[in-house]
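Peer 1: Sharing input-v1.tsv, TSV, C-alpha atoms:
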```
chain	number	residue	atom	x	y	z
A	177	MET	CA	-41.34	76.26	34.99
A	178	GLY	CA	-41.04	74.52	38.35
A	179	LEU	CA	-39.40	71.25	39.26
A	180	PRO	CA	-40.37	67.99	37.57
A	181	SER	CA	-43.01	66.06	39.46
A	182	VAL	CA	-42.27	63.39	42.03
A	183	PHE	CA	-44.18	61.10	39.67
A	184	GLU	CA	-41.44	61.66	37.07
A	185	ALA	CA	-38.82	60.44	39.53
A	186	PHE	CA	-40.87	57.27	40.16
A	187	GLN	CA	-42.23	55.77	36.96
A	188	LEU	CA	-42.45	52.38	35.27
A	189	ALA	CA	-39.39	51.55	33.21
A	190	VAL	CA	-37.41	48.65	31.80
A	191	GLY	CA	-33.70	48.36	32.48
A	192	PRO	CA	-30.85	48.63	32.33
A	193	SER	CA	-31.10	52.20	30.97
A	194	THR	CA	-33.91	54.73	31.17
A	195	VAL	CA	-32.62	56.52	28.08
A	196	PHE	CA	-31.49	53.61	25.92
A	197	THR	CA	-33.85	50.79	26.94
A	198	THR	CA	-37.05	52.41	28.20
A	199	GLY	CA	-36.62	55.29	25.74
A	200	ALA	CA	-36.21	52.88	22.81
A	201	LEU	CA	-39.27	50.92	23.95
A	202	LEU	CA	-41.40	54.07	24.13
A	203	ILE	CA	-40.11	55.18	20.73
A	204	GLY	CA	-41.18	51.85	19.23
A	205	GLN	CA	-44.63	52.29	20.74
A	206	ALA	CA	-44.83	55.85	19.39
A	207	PHE	CA	-44.00	54.79	15.83
A	208	ARG	CA	-46.55	51.97	16.07
A	209	GLU	CA	-49.21	54.57	16.87
A	210	SER	CA	-47.91	56.75	14.05
A	211	ILE	CA	-48.32	54.10	11.32
A	212	LEU	CA	-51.76	53.19	12.65
A	213	SER	CA	-52.95	56.71	11.84
A	214	SER	CA	-50.97	57.03	8.60
A	215	PRO	CA	-52.22	56.41	5.03
A	216	PHE	CA	-49.52	53.76	4.52
A	217	ARG	CA	-50.46	50.12	4.45
A	218	SER	CA	-48.66	46.96	5.40
A	219	ASN	CA	-47.09	46.34	2.00
A	220	HIS	CA	-44.33	48.71	3.11
A	221	ARG	CA	-41.19	47.33	4.73
A	222	ILE	CA	-39.97	48.94	7.96
A	223	LEU	CA	-36.31	49.88	8.42
A	224	ILE	CA	-34.93	51.12	11.76
A	225	GLU	CA	-31.73	53.13	12.29
A	226	LEU	CA	-30.15	53.55	15.73
A	227	ILE	CA	-28.14	56.76	15.48
A	228	GLY	CA	-25.61	58.61	17.64
A	229	ASN	CA	-25.53	57.41	21.25
A	230	PHE	CA	-28.11	54.75	20.42
A	231	SER	CA	-25.59	53.29	17.98
A	232	LYS	CA	-22.71	53.51	20.47
A	233	LEU	CA	-24.54	52.23	23.56
A	234	GLY	CA	-27.56	50.47	22.11
A	235	ARG	CA	-26.19	46.94	22.04
A	236	GLU	CA	-25.21	46.77	25.71
A	237	ASN	CA	-28.55	48.33	26.74
A	238	LYS	CA	-30.61	46.17	24.35
A	239	SER	CA	-32.02	49.18	22.52
A	240	ASP	CA	-32.57	47.02	19.44
A	241	GLN	CA	-34.74	44.55	21.35
A	242	ALA	CA	-36.58	47.37	23.12
A	243	VAL	CA	-37.55	49.36	20.01
A	244	ILE	CA	-38.66	46.18	18.22
A	245	ALA	CA	-40.70	45.03	21.23
A	246	GLY	CA	-42.37	48.44	21.48
A	247	LEU	CA	-43.19	48.43	17.79
A	248	GLY	CA	-44.50	44.89	18.24
A	249	GLY	CA	-47.02	45.98	20.87
A	250	TYR	CA	-45.23	45.39	24.19
A	251	ARG	CA	-46.32	47.74	26.98
A	252	LEU	CA	-44.77	48.21	30.42
A	253	GLU	CA	-48.17	47.99	32.08
A	254	GLU	CA	-48.74	44.38	30.97
A	255	PRO	CA	-48.02	42.15	33.98
A	256	GLY	CA	-46.02	39.00	33.38
A	257	MET	CA	-44.88	39.95	29.88
A	258	LYS	CA	-41.24	40.20	28.88
A	259	MET	CA	-39.69	42.51	26.33
A	260	GLN	CA	-37.45	39.77	24.98
A	261	SER	CA	-40.39	37.45	24.22
A	262	PHE	CA	-41.88	40.12	21.94
A	263	TYR	CA	-38.54	40.56	20.20
A	264	LEU	CA	-38.03	36.82	19.65
A	265	LYS	CA	-41.56	36.38	18.31
A	266	ILE	CA	-41.04	39.14	15.73
A	267	LYS	CA	-37.62	37.78	14.82
A	268	GLU	CA	-39.10	34.32	14.25
A	269	ASN	CA	-42.16	35.51	12.29
A	270	GLY	CA	-40.41	38.15	10.16
A	271	TYR	CA	-43.13	40.76	10.50
A	272	PHE	CA	-44.88	43.19	12.84
A	273	GLN	CA	-48.55	42.46	13.43
A	274	VAL	CA	-50.28	45.83	13.56
A	275	PRO	CA	-54.07	46.26	13.23
A	276	GLY	CA	-54.71	46.43	9.52
A	277	GLY	CA	-52.00	44.05	8.37
A	278	LEU	CA	-48.58	42.47	8.69
A	279	TRP	CA	-45.52	44.69	8.16
A	280	PRO	CA	-42.43	42.83	6.87
A	281	PHE	CA	-39.37	43.14	9.13
A	282	ASN	CA	-36.17	41.17	9.60
A	283	PRO	CA	-34.06	42.25	12.61
A	284	GLU	CA	-30.91	40.89	10.97
A	285	SER	CA	-31.15	43.19	7.94
A	286	ASP	CA	-33.76	45.85	8.75
A	287	LEU	CA	-32.25	47.24	11.97
A	288	ILE	CA	-29.02	49.19	11.57
A	289	PHE	CA	-26.57	50.58	14.14
A	290	ASN	CA	-25.55	53.70	12.23
A	291	ASP	CA	-22.70	55.46	14.04
A	292	THR	CA	-22.23	57.84	11.11
A	293	GLY	CA	-25.86	58.96	10.95
A	294	LYS	CA	-26.77	62.54	11.75
A	295	SER	CA	-29.95	63.62	13.53
A	296	ARG	CA	-31.27	67.13	13.40
A	297	MET	CA	-31.92	67.50	17.15
A	298	PHE	CA	-30.38	65.17	19.67
A	299	GLU	CA	-27.73	62.48	19.63
A	300	ASN	CA	-30.11	59.93	21.17
A	301	CYS	CA	-31.99	59.29	17.92
A	302	ILE	CA	-33.94	56.42	16.35
A	303	ARG	CA	-35.03	56.91	12.75
A	304	PHE	CA	-37.72	54.83	11.00
A	305	HIS	CA	-38.16	54.36	7.24
A	306	LEU	CA	-41.05	52.89	5.28
A	307	LEU	CA	-40.04	51.41	1.92
A	308	SER	CA	-42.43	50.56	-0.88
A	309	GLU	CA	-42.57	47.11	-2.48
A	310	ALA	CA	-40.14	48.46	-5.09
A	311	GLY	CA	-37.74	49.49	-2.33
A	312	GLN	CA	-38.38	53.22	-2.72
A	313	PRO	CA	-38.48	55.51	0.36
A	314	ALA	CA	-42.07	56.40	1.21
A	315	TYR	CA	-41.92	57.85	4.74
A	316	GLN	CA	-39.38	58.77	7.42
A	317	ALA	CA	-39.79	59.63	11.10
A	318	GLU	CA	-37.28	60.54	13.83
A	319	TYR	CA	-37.65	60.16	17.59
A	320	PHE	CA	-35.35	61.25	20.41
A	321	SER	CA	-34.88	59.90	23.93
A	322	LEU	CA	-34.41	62.55	26.61
A	323	SER	CA	-32.36	62.37	29.78
A	324	ASN	CA	-35.26	61.50	32.11
A	325	GLY	CA	-36.88	58.77	30.04
A	326	LEU	CA	-39.23	61.01	28.05
A	327	ILE	CA	-39.25	61.04	24.25
A	328	LYS	CA	-39.86	63.54	21.48
A	329	GLY	CA	-40.78	63.02	17.85
A	330	ASN	CA	-43.55	62.59	15.31
A	331	GLY	CA	-46.94	62.67	17.00
A	332	VAL	CA	-45.54	62.67	20.55
A	333	GLN	CA	-47.05	65.28	22.81
A	334	ASP	CA	-44.65	67.43	24.77
A	335	PRO	CA	-44.33	66.42	28.43
A	336	VAL	CA	-46.74	68.16	30.75
A	337	SER	CA	-44.99	71.08	32.42
A	338	PHE	CA	-46.19	73.22	35.28
A	339	SER	CA	-45.58	76.93	35.01
A	340	VAL	CA	-45.52	78.16	38.57
A	341	ASP	CA	-43.60	81.40	38.72
A	342	ASP	CA	-42.79	81.28	42.41
A	343	PHE	CA	-42.11	77.54	42.61
A	344	PRO	CA	-38.55	76.88	43.86
A	345	LYS	CA	-35.98	75.15	41.70
A	346	SER	CA	-33.29	74.44	44.32
A	347	PHE	CA	-33.18	72.99	47.81
A	348	LEU	CA	-31.94	76.32	49.18
A	349	GLU	CA	-35.10	78.01	47.89
A	350	ILE	CA	-37.22	75.22	49.33
A	351	LYS	CA	-35.62	75.60	52.76
A	352	ASP	CA	-36.23	79.35	52.65
A	353	MET	CA	-39.89	78.82	51.79
A	354	ILE	CA	-40.60	76.22	54.48
A	355	THR	CA	-38.69	78.22	57.10
A	356	THR	CA	-40.49	81.47	56.28
A	357	GLY	CA	-43.88	79.81	56.03
A	358	LYS	CA	-43.24	77.46	58.97
A	359	ILE	CA	-44.24	74.49	56.81
A	360	ALA	CA	-43.02	70.92	57.27
A	361	LEU	CA	-40.96	69.64	54.34
A	362	LEU	CA	-43.31	66.69	53.80
A	363	GLU	CA	-46.35	68.97	53.75
A	364	PHE	CA	-44.61	71.28	51.29
A	365	VAL	CA	-44.05	68.42	48.82
A	366	ILE	CA	-47.54	66.95	49.15
A	367	SER	CA	-49.26	70.32	48.75
A	368	GLY	CA	-47.11	71.17	45.74
A	369	GLU	CA	-47.78	67.87	43.98
A	370	CYS	CA	-51.53	68.02	44.58
A	371	SER	CA	-51.59	71.59	43.26
A	372	LYS	CA	-49.53	70.69	40.18
A	373	HIS	CA	-51.66	67.74	39.17
A	374	ARG	CA	-54.96	69.08	40.52
A	375	ILE	CA	-55.51	65.87	42.48
A	376	SER	CA	-56.68	65.17	46.02
A	377	ARG	CA	-54.31	64.23	48.81
A	378	ASP	CA	-55.95	60.78	48.94
A	379	HIS	CA	-55.23	60.28	45.23
A	380	PHE	CA	-51.61	61.32	45.70
A	381	HIS	CA	-51.12	59.00	48.68
A	382	ARG	CA	-52.75	56.07	46.87
A	383	ARG	CA	-50.36	56.49	43.96
A	384	MET	CA	-47.33	56.66	46.26
A	385	HIS	CA	-48.54	53.60	48.20
A	386	THR	CA	-48.78	51.72	44.91
A	387	THR	CA	-45.25	52.79	44.05
A	388	TRP	CA	-43.89	51.44	47.33
A	389	LYS	CA	-45.79	48.14	46.96
A	390	LEU	CA	-44.40	47.70	43.45
A	391	MET	CA	-40.87	48.35	44.70
A	392	LYS	CA	-41.21	45.67	47.37
A	393	ALA	CA	-42.80	43.26	44.90
A	394	ASN	CA	-39.89	43.77	42.50
A	395	ILE	CA	-37.43	42.82	45.25
A	396	ASP	CA	-39.47	39.70	46.06
A	397	ARG	CA	-39.55	38.76	42.38
A	398	GLY	CA	-35.77	39.07	42.21
A	399	LEU	CA	-35.29	37.04	45.40
A	400	THR	CA	-37.54	34.29	44.07
A	401	ALA	CA	-35.88	34.23	40.66
A	402	LYS	CA	-32.44	33.98	42.28
A	403	ARG	CA	-33.03	31.69	45.23
A	404	VAL	CA	-29.37	31.94	46.17
A	405	PHE	CA	-30.21	35.29	47.76
A	406	LEU	CA	-33.02	33.80	49.84
A	407	ASN	CA	-30.92	30.81	50.86
A	408	THR	CA	-27.98	33.02	51.83
A	409	ILE	CA	-30.18	35.28	53.95
A	410	ASN	CA	-31.89	32.35	55.67
A	411	ILE	CA	-28.90	30.09	56.45
A	412	ASN	CA	-25.95	32.46	56.78
A	413	PRO	CA	-25.84	34.22	60.17
A	414	THR	CA	-23.71	37.04	58.82
A	415	ALA	CA	-26.39	37.84	56.24
A	416	SER	CA	-28.65	39.09	59.00
A	417	SER	CA	-26.04	41.45	60.39
A	418	GLU	CA	-26.40	45.22	60.22
A	419	HIS	CA	-27.15	46.49	56.70
A	420	THR	CA	-26.18	43.22	54.95
A	421	ARG	CA	-29.76	42.46	53.98
A	422	ALA	CA	-29.90	45.75	52.07
A	423	SER	CA	-27.00	44.51	49.99
A	424	PHE	CA	-28.78	41.27	49.12
A	425	TYR	CA	-32.00	43.10	48.28
A	426	ALA	CA	-30.04	45.41	45.97
A	427	LEU	CA	-28.37	42.43	44.28
A	428	ALA	CA	-31.71	40.72	43.68
A	429	LEU	CA	-33.32	43.84	42.24
A	430	THR	CA	-30.28	44.69	40.11
A	431	GLU	CA	-30.58	41.23	38.57
A	432	GLU	CA	-34.14	42.18	37.62
A	433	ILE	CA	-32.95	45.45	36.09
A	434	LEU	CA	-30.32	43.64	34.02
A	435	ASN	CA	-32.93	41.04	33.01
A	436	ASN	CA	-35.08	43.77	31.42
A	437	SER	CA	-37.86	43.38	33.97
A	438	THR	CA	-40.23	46.26	34.65
A	439	VAL	CA	-39.01	48.33	37.61
A	440	ILE	CA	-39.62	51.73	39.21
A	441	THR	CA	-37.09	54.45	38.37
A	442	ALA	CA	-35.29	56.36	41.11
A	443	PRO	CA	-34.88	58.62	39.16
A	444	THR	CA	-33.43	56.41	36.36
A	445	CYS	CA	-33.12	52.63	35.94
A	446	THR	CA	-29.44	52.00	36.53
A	447	GLY	CA	-29.26	52.57	40.28
A	448	SER	CA	-32.94	52.10	41.05
A	449	ALA	CA	-32.29	49.02	43.19
A	450	ILE	CA	-30.65	51.11	45.92
A	451	LEU	CA	-33.62	53.02	47.31
A	452	PRO	CA	-36.01	50.03	47.61
A	453	ALA	CA	-33.25	47.90	49.15
A	454	VAL	CA	-32.31	50.49	51.78
A	455	PHE	CA	-35.94	51.32	52.55
A	456	ARG	CA	-36.92	47.68	52.95
A	457	HIS	CA	-34.00	47.12	55.32
A	458	ILE	CA	-35.10	50.15	57.39
A	459	GLN	CA	-38.71	49.01	57.46
A	460	GLU	CA	-37.75	45.54	58.68
A	461	LYS	CA	-35.32	46.89	61.27
A	462	PHE	CA	-37.64	49.49	62.80
A	463	LEU	CA	-41.00	47.87	61.96
A	464	PHE	CA	-42.25	51.03	60.25
A	465	PRO	CA	-45.73	50.77	58.69
A	466	ASP	CA	-46.13	51.33	54.95
A	467	GLU	CA	-47.61	54.76	55.64
A	468	LYS	CA	-44.33	55.86	57.18
A	469	MET	CA	-42.32	54.39	54.29
A	470	VAL	CA	-44.44	56.33	51.82
A	471	GLU	CA	-43.52	59.55	53.63
A	472	GLY	CA	-39.84	58.73	53.14
A	473	LEU	CA	-40.54	57.92	49.51
A	474	ILE	CA	-42.10	61.37	49.02
A	475	ILE	CA	-39.00	63.08	50.42
A	476	SER	CA	-36.82	60.92	48.16
A	477	GLY	CA	-39.02	61.94	45.26
A	478	LEU	CA	-38.38	65.61	45.98
A	479	PHE	CA	-34.63	65.05	45.60
A	480	GLY	CA	-35.31	63.03	42.47
A	481	SER	CA	-37.14	66.06	41.10
A	482	LEU	CA	-34.16	68.29	41.89
A	483	ILE	CA	-31.88	65.82	40.08
A	484	LEU	CA	-34.15	65.65	37.02
A	485	HIS	CA	-34.34	69.43	36.90
A	486	GLN	CA	-30.53	69.61	36.83
A	487	LEU	CA	-30.45	66.92	34.13
A	488	ASN	CA	-32.88	68.89	31.99
A	489	GLU	CA	-30.97	72.11	32.52
A	490	SER	CA	-27.58	70.59	31.68
A	491	LYS	CA	-28.82	68.67	28.61
A	492	ARG	CA	-25.96	66.25	29.22
A	493	LEU	CA	-25.83	62.49	28.90
A	494	VAL	CA	-24.42	61.30	32.24
A	495	ASN	CA	-22.62	58.01	32.69
A	496	TRP	CA	-23.92	55.05	34.65
A	497	LEU	CA	-21.77	55.80	37.71
A	498	THR	CA	-23.45	59.19	38.03
A	499	GLU	CA	-26.88	57.58	37.72
A	500	VAL	CA	-26.01	55.31	40.66
A	501	ALA	CA	-24.97	58.40	42.62
A	502	PHE	CA	-28.35	60.00	41.83
A	503	SER	CA	-30.16	57.01	43.31
A	504	ALA	CA	-27.92	57.06	46.37
A	505	ILE	CA	-28.82	60.73	46.92
A	506	MET	CA	-32.54	59.94	46.80
A	507	ALA	CA	-32.14	56.99	49.16
A	508	ALA	CA	-30.03	59.02	51.60
A	509	ALA	CA	-32.55	61.88	51.74
A	510	GLY	CA	-35.55	59.60	52.27
A	511	ALA	CA	-33.79	57.39	54.81
A	512	SER	CA	-32.63	60.42	56.77
A	513	TYR	CA	-36.24	61.59	57.00
A	514	LEU	CA	-37.40	58.13	58.14
A	515	LEU	CA	-34.81	58.17	60.91
A	516	GLY	CA	-36.01	61.51	62.26
A	517	GLY	CA	-33.83	63.93	60.30
A	518	SER	CA	-34.64	67.62	60.06
A	519	PRO	CA	-34.47	69.41	56.67
A	520	ASP	CA	-30.85	70.33	57.49
A	521	ASP	CA	-30.07	66.70	58.38
A	522	ILE	CA	-31.73	65.48	55.18
A	523	GLU	CA	-29.73	67.94	53.09
A	524	LYS	CA	-26.51	66.91	54.83
A	525	ALA	CA	-27.14	63.20	54.16
A	526	ALA	CA	-27.98	63.86	50.50
A	527	THR	CA	-24.91	66.06	50.07
A	528	MET	CA	-22.59	63.47	51.62
A	529	ALA	CA	-24.07	60.79	49.34
A	530	ALA	CA	-23.38	63.02	46.32
A	531	ILE	CA	-19.77	63.55	47.45
A	532	LEU	CA	-19.04	59.94	48.41
A	533	TYR	CA	-20.77	58.02	45.63
A	534	GLY	CA	-20.18	60.61	42.93
A	535	GLY	CA	-16.52	61.04	43.79
A	536	SER	CA	-15.30	58.57	41.18
A	537	ASN	CA	-17.35	60.12	38.40
A	538	GLN	CA	-14.96	60.13	35.48
A	539	LYS	CA	-15.55	59.33	31.84
A	540	THR	CA	-15.66	55.58	32.05
A	541	SER	CA	-15.90	52.53	29.85
A	542	LYS	CA	-19.23	50.91	29.06
A	543	MET	CA	-21.21	49.53	31.94
A	544	ASP	CA	-20.91	45.81	32.57
A	545	SER	CA	-23.27	43.66	34.60
A	546	ASP	CA	-20.77	42.59	37.26
A	547	SER	CA	-19.73	46.18	37.97
A	548	LEU	CA	-23.34	47.32	38.34
A	549	LEU	CA	-24.19	44.43	40.65
A	550	LEU	CA	-21.16	45.16	42.80
A	551	LEU	CA	-21.71	48.92	42.96
A	552	ASN	CA	-25.43	48.78	43.71
A	553	SER	CA	-24.96	46.23	46.48
A	554	MET	CA	-22.01	48.16	47.94
A	555	VAL	CA	-23.93	51.44	47.99
A	556	ALA	CA	-27.02	49.80	49.54
A	557	GLN	CA	-24.94	48.26	52.34
A	558	THR	CA	-22.86	51.34	53.15
A	559	LEU	CA	-25.51	54.02	52.77
A	560	PRO	CA	-27.20	53.42	56.19
A	561	SER	CA	-23.79	53.93	57.82
A	562	LEU	CA	-23.33	57.16	55.86
A	563	ILE	CA	-26.64	58.42	57.27
A	564	ASP	CA	-25.55	57.55	60.80
A	565	PHE	CA	-22.25	59.32	60.16
A	566	SER	CA	-24.00	62.42	58.81
A	567	LYS	CA	-25.92	62.80	62.08
A	568	ILE	CA	-22.76	63.49	64.08
A	569	GLN	CA	-21.29	65.94	61.57
A	570	SER	CA	-21.53	69.59	62.47
A	571	GLY	CA	-21.96	70.55	58.84
A	572	TYR	CA	-18.69	72.48	58.81
A	573	GLY	CA	-16.97	71.99	55.48
A	574	ILE	CA	-19.98	70.25	53.91
A	575	PRO	CA	-21.25	72.24	50.90
A	576	GLU	CA	-24.90	72.99	50.19
A	577	PHE	CA	-26.71	70.24	48.35
A	578	ASP	CA	-27.31	72.38	45.27
A	579	HIS	CA	-23.56	72.91	44.85
A	580	ALA	CA	-22.80	69.21	45.36
A	581	LEU	CA	-25.43	68.27	42.77
A	582	ARG	CA	-24.10	70.71	40.18
A	583	ASP	CA	-20.59	69.35	40.74
A	584	LEU	CA	-21.76	65.94	39.50
A	585	PHE	CA	-22.31	67.51	36.06
A	586	THR	CA	-18.97	69.30	35.82
A	587	ARG	CA	-16.48	66.52	36.58
```
Rewrite the structure of this file - the entire thing - as structure tokens.

Peer 2:
Amino acid sequence: MGLPSVFEAFQLAVGPSTVFTTGALLIGQAFRESILSSPFRSNHRILIELIGNFSKLGRENKSDQAVIAGLGGYRLEEPGMKMQSFYLKIKENGYFQVPGGLWPFNPESDLIFNDTGKSRMFENCIRFHLLSEAGQPAYQAEYFSLSNGLIKGNGVQDPVSFSVDDFPKSFLEIKDMITTGKIALLEFVISGECSKHRISRDHFHRRMHTTWKLMKANIDRGLTAKRVFLNTININPTASSEHTRASFYALALTEEILNNSTVITAPTCTGSAILPAVFRHIQEKFLFPDEKMVEGLIISGLFGSLILHQLNESKRLVNWLTEVAFSAIMAAAGASYLLGGSPDDIEKAATMAAILYGGSNQKTSKMDSDSLLLLNSMVAQTLPSLIDFSKIQSGYGIPEFDHALRDLFTR
């Protein structure tokens, strides 16, 4: 199996966590589809158990609200809708409205954080129960949230995989292929994605253009919602200094992530404000057209694919600091390309981002909003300087990117 697709690195999600918020939402949607096709009717009460890591980390990531909203019919693709409004409506009504009837549900008593529960597959488990009117168990289903936002469970199709025997799985292999074949890195990624998905180049570019437009729109939404950012940028002379705007863009978008708004992963939710913030700053500084920004996005997506592949291989749950480092790597690689970097320059920038922003990766306490806001804005402001610094480095003493990435999973 080759690398995950660039499209997996950039997908719709709801924050703050791809695993515990988006995953819970998708699990709720999956169980909704399951009961629609089941023989059970709405006289059964629904019980929900959040097990393992969902029990430990679910409250801070609003997994309870997400799974209830998904079961209530909320979909990421619906513009202008909020996950919390679905949750509050169900909490007020005391039932799920599913075609065919009303299913009784009380979030206060029918959703349980079960830290002693055991799941048969993964620790990231949500278990559903249907109880008869007499309170007897009638049906049970388990679902599991994977490291890259995908889910497994009853009735869920396995993610599409691409079995390409000679497709590289590391950046070293990619460099060897493009050097031997005398292929540009951008062309290598585009050709590979079109071949994987059996789509035209125009289709691929349209989808990537849409991704970039959504990223910019998410920043604008955050700036509008928190006018303090707009006012600071407009009236404070220091806010227009080098790289400071990237920091404000990251702050605005991080607020959206924490507010459970729909965002684009890069490659997860937690640090996904960094890449759009840095890219928007670069576009404004150098007046690059959207077509050029999409090229940088494609290169970033390649490194997101490498990260997701390592996540899948390790089968580990990484902490939120590491997820921020992942996003910094993607932003560094894409920004280096935009600023004229060769494949070696791009690798060097990505490696230095992994070393610098992943250097404090220790087992840490639960994520808090203030820490995420501070870290995302700090990374967005300092990352352009890191790219400039990487240009003057000879490369001596800097490890290969593949080694630096693997190190993030062993600390």

Peer 1: I'd like the contact shell of Glu467 of chain A - 10 Å cut-off, all atoms listed in the file, skipping same-chain residues fewer than 2 positions apart - returned as a PyMOL selection string.

Peer 2: chain A and resi 381+384-385+388+464-465+469-473

Peer 1: Would you mind reading off the distance between atom CA of Lys238 of chain A and atom CA of Val439 of chain A, one decimal, in Å?

Peer 2: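 One can read the atom CA of Lys238 of chain A to atom CA of Val439 of chain A distance as 15.8 Å.
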
Peer 1: Determine, counting only C-alpha atoms, which protein, DNA and RNA residues have an atom within 12 Å of an atom of segment 559-574 of chain A; residues of the same chain fewer than 2 positions away are not included. Present the result as a VMD selection string.

Peer 2: chain A and resid 418 to 423 426 450 to 451 453 to 458 461 501 503 to 518 520 to 533 551 to 557 576 to 580

Peer 1: Would you pick out the contacts of segment 206-215 of chain A at 9 Å or less, using only C-alpha atoms, so that residues sharing its chain but fewer than 2 positions from it are not included, and give the list as a JSON list (two decimals) with C-alpha atoms, keeping the file's coordinate frame?

Peer 2:
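To be explicit, this is the file written out as out05.json:
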```json
[["chain", "number", "residue", "atom", "x", "y", "z"],
["A", 201, "LEU", "CA", -39.27, 50.92, 23.95],
["A", 202, "LEU", "CA", -41.40, 54.07, 24.13],
["A", 203, "ILE", "CA", -40.11, 55.18, 20.73],
["A", 204, "GLY", "CA", -41.18, 51.85, 19.23],
["A", 217, "ARG", "CA", -50.46, 50.12, 4.45],
["A", 246, "GLY", "CA", -42.37, 48.44, 21.48],
["A", 247, "LEU", "CA", -43.19, 48.43, 17.79],
["A", 248, "GLY", "CA", -44.50, 44.89, 18.24],
["A", 249, "GLY", "CA", -47.02, 45.98, 20.87],
["A", 274, "VAL", "CA", -50.28, 45.83, 13.56],
["A", 275, "PRO", "CA", -54.07, 46.26, 13.23],
["A", 276, "GLY", "CA", -54.71, 46.43, 9.52],
["A", 304, "PHE", "CA", -37.72, 54.83, 11.00],
["A", 317, "ALA", "CA", -39.79, 59.63, 11.10],
["A", 319, "TYR", "CA", -37.65, 60.16, 17.59],
["A", 329, "GLY", "CA", -40.78, 63.02, 17.85],
["A", 330, "ASN", "CA", -43.55, 62.59, 15.31],
["A", 331, "GLY", "CA", -46.94, 62.67, 17.00],
["A", 332, "VAL", "CA", -45.54, 62.67, 20.55]]
```

Peer 1: In terms of the shortest atom-to-atom distance over all atoms listed in the file, which of A:Pro519, A:Gly191, A:Gly480, A:Gly368 is closest to Ala242 of chain A?

Peer 2: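 Closest to Ala242 of chain A, using all atoms listed in the file: A:Gly191.
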
Peer 1: Between atom CA of Ser367 of chain A and atom CA of Gly178 of chain A, measure the distance and give it in Å to one decimal.

Peer 2: 13.9 Å

Peer 1: For Ser239 of chain A, which residue among A:Leu482, A:Ile227, A:Met543, A:Ile222 is the nearest when counting only C-alpha atoms?

Peer 2: A:Ile227

Peer 1: Would you mind reading off the distance between atom CA of Leu307 of chain A and atom CA of Glu236 of chain A, one decimal, in Å?

Peer 2: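 Atom CA of Glu236 of chain A lies at a distance of 28.4 Å from atom CA of Leu307 of chain A.
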
Peer 1: Please identify all polymer residues lying at most 7 Å from the point (-37.8, 40.9, 12.7) (file coordinates), using all atoms listed in the file, and present the result as a PyMOL selection string.

Peer 2: chain A and resi 266-271+281-283

Peer 1: Closest to Ile350 of chain A among A:Ile327, A:Phe479, A:Arg235, A:Glu460, using only C-alpha atoms?

Peer 2: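 Of the candidates, the smallest distance to Ile350 of chain A is held by A:Phe479.
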
Peer 1: Nearest to Leu326 of chain A among A:Gln486, A:Thr194, A:Thr438, A:Ser476, with distances taken over all atoms listed in the file: which residue is it?

Peer 2: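 Counting all atoms listed in the file, the residue closest to Leu326 of chain A is A:Thr194.
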
Peer 1: Between A:Ser481, A:Asn290, A:Ser376, A:Thr386, which is the closest to Val182 of chain A once you count all atoms listed in the file?

Peer 2: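 Closest to Val182 of chain A of all the choices is A:Ser481.
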
Peer 1: Considering only C-alpha atoms, state which residue in the set A:Ser371, A:Ser308, A:Ser545, A:Asn219 is at the smallest distance from Leu278 of chain A.

Peer 2: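 Closest to Leu278 of chain A of all the choices is A:Asn219.
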
Peer 1: Using only C-alpha atoms, which protein or nucleic acid residues come within 7 Å of Ser437 of chain A? Drop anything in the same chain fewer than 4 positions from it, and give the result as a ChimeraX atom specification.

Peer 2: /A:190-191,258,432-433

Peer 1: Just save segment 268-293 of chain A with C-alpha atoms, as a PDB file, in the first residue's frame.

Peer 2:
```pdb
ATOM      1  CA  GLU A 268     -33.956  20.178  25.165  1.00  0.00           C
ATOM      2  CA  ASN A 269     -36.293  17.807  23.289  1.00  0.00           C
ATOM      3  CA  GLY A 270     -35.161  14.559  24.931  1.00  0.00           C
ATOM      4  CA  TYR A 271     -35.122  12.519  21.741  1.00  0.00           C
ATOM      5  CA  PHE A 272     -33.400  11.929  18.411  1.00  0.00           C
ATOM      6  CA  GLN A 273     -35.561  12.589  15.368  1.00  0.00           C
ATOM      7  CA  VAL A 274     -34.674   9.904  12.843  1.00  0.00           C
ATOM      8  CA  PRO A 275     -36.833   9.077   9.799  1.00  0.00           C
ATOM      9  CA  GLY A 276     -39.387   6.605  11.060  1.00  0.00           C
ATOM     10  CA  GLY A 277     -39.805   7.963  14.570  1.00  0.00           C
ATOM     11  CA  LEU A 278     -38.468   9.658  17.684  1.00  0.00           C
ATOM     12  CA  TRP A 279     -35.823   7.817  19.726  1.00  0.00           C
ATOM     13  CA  PRO A 280     -35.825   8.712  23.454  1.00  0.00           C
ATOM     14  CA  PHE A 281     -32.499  10.088  24.727  1.00  0.00           C
ATOM     15  CA  ASN A 282     -31.422  12.162  27.703  1.00  0.00           C
ATOM     16  CA  PRO A 283     -27.772  13.333  27.591  1.00  0.00           C
ATOM     17  CA  GLU A 284     -27.678  13.623  31.378  1.00  0.00           C
ATOM     18  CA  SER A 285     -28.435   9.938  31.963  1.00  0.00           C
ATOM     19  CA  ASP A 286     -28.021   8.158  28.619  1.00  0.00           C
ATOM     20  CA  LEU A 287     -24.430   9.171  27.813  1.00  0.00           C
ATOM     21  CA  ILE A 288     -21.752   7.639  30.030  1.00  0.00           C
ATOM     22  CA  PHE A 289     -18.009   8.322  30.306  1.00  0.00           C
ATOM     23  CA  ASN A 290     -16.908   4.779  31.102  1.00  0.00           C
ATOM     24  CA  ASP A 291     -13.198   4.732  31.968  1.00  0.00           C
ATOM     25  CA  THR A 292     -13.429   1.094  33.058  1.00  0.00           C
ATOM     26  CA  GLY A 293     -15.031  -0.149  29.845  1.00  0.00           C
TER      27      GLY A 293
END
```
